[in-house]
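Structure, as structure tokens:
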Amino acid sequence: MVTASRPLRADAARNRDKLLAAAAELFAERGLDVPLEHIARKAEVSIGTLYKHFPTRDDFVAQIFPQRLAALDVIGGKALAEPDPWQAFASYLDDIYALQAEDRGLNDILARDLPNAPEVVSACHRGVGHAGILIDRALAAGVLRADYSITDLATLTRAMAQVIRDSPGEWRRFLSIYVEGLRA
């Protein structure tokens with residue numbers, strides 16, 4: 001990746017910006033597995049230019065997704081501010097999966113093993129921290145089934161990612177059925 005110590009020429013900076021914009025759009029539309037050649041084509045640059053700026057897919061992820069994952073902090077803060085433990089837990093889940101449904105790349109990030117981008121890993125860990133607090137609050141209030149854990153939420157996230165991929169219009173119905181089954 002180009003280092004910050006050497007400023008980019010104006011045309012190189014424009015190409016880098018075009019690549020980031022193209023990658024962000026294609027990842028959101030089609031997920032993380034979009035071929036890099038398609039990103040280069042959409043940005044109207046050569047594949048060599050793409051690799052010069054972003055040698056790996058993880059380099060794109062590290063540049064694009066920390067900003068998108070900042071929404072996890074907003075969602076977590078909103079849920080933690082909700083005084084009703086059940087409503088906080090249920091709305092947190094709905095908001096998280098709505099975010100995933102809006103962006104297939106983000107859906108892939110949250111459903112897979114985390115990429116090697118430290119900012120992405122950090123944002124995801126903060127999200128898990130919010131979820132853990134919400135689960136603990138709901139358990140303490142006796143509104144969530146007593147055997148539910150953060151591990152179950154990880155499994156749900158992988159399942160929801162698949163539902164969102166396969167049946168984008170059905171995820172809320174699936175989530176509603178699942179959440180109602182969790183009430184104590």
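Going through the structure tokens in order, the chains are called A, B, and so on, while each chain numbers its residues from 1 and the ligands are numbered from 1 in the order shown.
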
Set out as a tab-separated table a contact list for range 42-156 of chain A and range 168-182 of chain A with a cut-off of 8 Å, giving each residue of range 42-156 of chain A that qualifies its closest atom pair and distance in Å to one decimal, counting only C-alpha atoms, ordered by chain and rising residue number.
```
residue	atom	partner	partner_atom	distance
A:Ala90	CA	A:Val179	CA	6.9
A:Asp94	CA	A:Arg172	CA	7.5
A:Ala101	CA	A:Pro168	CA	6.9
A:Leu144	CA	A:Leu182	CA	5.8
A:Arg145	CA	A:Leu182	CA	5.5
A:Tyr148	CA	A:Leu182	CA	7.8
```

- Task: Would you list the contacts of range 9-19 of chain A as a count of residues only, taking every protein, DNA or RNA residue within 10 Å and counting only C-alpha atoms, but skipping same-chain residues closer than 5 positions in sequence?
- Result: 18

- In terms of only C-alpha atoms, the residue from A:Ala22, A:Val34, A:Val74, A:Ile64 at minimal distance from Ala117 in chain A is A:Ile64

- Separation of CA of Gly127 in chain A from CA of Leu139 in chain A, in Å and rounded to one decimal: 18.3 Å

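Look at Leu93 in chain A: the protein and nucleic acid residues within 10 Å of it, using only C-alpha atoms and passing over chain neighbours fewer than 3 places away, are Ile75, Gly76, Ala79, Gln87, Ala88, Phe89, Ala90, Ile96, Tyr97, Ala98, Leu99, Ala131, Leu153, Leu156, Thr157, Leu175, Ser176 and Val179 of chain A.
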
- Message: Calculated over only C-alpha atoms, which of the candidates A:Ala23, A:Leu72, A:Ala123, A:Ala154 has the smallest distance to His38 in chain A?
- Response: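 Comparing A:Ala23, A:Leu72, A:Ala123, A:Ala154 against His38 in chain A, the winner is A:Ala23.
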
- Task: From a DSSP calculation on the backbone, collect every residue of chain A in alpha helix (DSSP H) and output the set as an NGL selection string.
- Result: :A and (10-30 or 36-43 or 47-53 or 57-81 or 85-102 or 104-111 or 118-140 or 150-166 or 171-180)

- Message: Measuring between only C-alpha atoms, which one of A:Pro85, A:Gly142, A:Pro118, A:Gly129 shows the shortest distance to Asp59 in chain A?
- Response: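 Going through A:Pro85, A:Gly142, A:Pro118, A:Gly129 one by one, the smallest distance to Asp59 in chain A is for A:Pro118.
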
- Item | Nearest residue to Asp108 in chain A from the set A:Tyr51, A:Trp86, A:Phe27, A:Tyr92 (distances using only C-alpha atoms) | A:Phe27

- Non-local contacts of Phe65 in chain A (9 Å; only C-alpha atoms; under 2 positions in same chain excluded) as a PyMOL selection string: chain A and resi 24+60-63+67-70+105-106+109+119-120

Selection file, N, CA and C atoms, as a tab-separated table (two decimals), in the first residue's frame:
```tsv
chain	number	residue	atom	x	y	z
A	24	ALA	N	-16.22	0.34	-2.48
A	24	ALA	CA	-17.28	0.54	-1.48
A	24	ALA	C	-18.64	0.23	-2.10
A	60	PHE	N	-8.39	-3.06	0.96
A	60	PHE	CA	-9.66	-2.35	0.73
A	60	PHE	C	-10.52	-2.39	1.99
A	61	VAL	N	-10.63	-3.56	2.60
A	61	VAL	CA	-11.45	-3.73	3.80
A	61	VAL	C	-10.99	-2.77	4.90
A	62	ALA	N	-9.67	-2.68	5.07
A	62	ALA	CA	-9.12	-1.81	6.12
A	62	ALA	C	-9.43	-0.34	5.88
A	63	GLN	N	-9.59	0.06	4.64
A	63	GLN	CA	-9.89	1.45	4.31
A	63	GLN	C	-11.38	1.77	4.34
A	67	GLN	N	-15.20	2.86	8.91
A	67	GLN	CA	-16.22	3.91	8.93
A	67	GLN	C	-17.62	3.30	8.99
A	68	ARG	N	-17.84	2.26	8.23
A	68	ARG	CA	-19.16	1.62	8.22
A	68	ARG	C	-19.45	0.94	9.55
A	69	LEU	N	-18.41	0.34	10.13
A	69	LEU	CA	-18.60	-0.36	11.40
A	69	LEU	C	-18.76	0.58	12.57
A	70	ALA	N	-18.48	1.85	12.38
A	70	ALA	CA	-18.72	2.83	13.44
A	70	ALA	C	-20.20	2.85	13.81
A	105	GLY	N	-21.42	-6.26	1.87
A	105	GLY	CA	-20.04	-6.37	2.32
A	105	GLY	C	-19.96	-6.39	3.83
A	106	LEU	N	-20.72	-5.53	4.46
A	106	LEU	CA	-20.77	-5.50	5.92
A	106	LEU	C	-21.37	-6.80	6.44
A	109	ILE	N	-18.61	-9.23	6.43
A	109	ILE	CA	-17.64	-8.95	7.51
A	109	ILE	C	-18.15	-9.50	8.83
A	119	GLU	N	-8.60	-2.10	12.73
A	119	GLU	CA	-9.73	-1.24	13.04
A	119	GLU	C	-11.06	-1.99	12.90
A	120	VAL	N	-11.12	-2.91	11.95
A	120	VAL	CA	-12.32	-3.71	11.75
A	120	VAL	C	-12.50	-4.66	12.93
```

- Item | Minimum-distance residue to Pro66 in chain A, chosen among A:Ile47, A:Arg104, A:Ser122, A:Gly31 (using only C-alpha atoms) |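 Checking each of A:Ile47, A:Arg104, A:Ser122, A:Gly31 against Pro66 in chain A, counting only C-alpha atoms, the winner is A:Ser122.
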
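Interatomic distance, CA of Leu134 in chain A to CA of Leu80 in chain A: 6.9 Å.
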
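You will find CA of Ala28 in chain A at 8.8 Å from CA of Asn107 in chain A.
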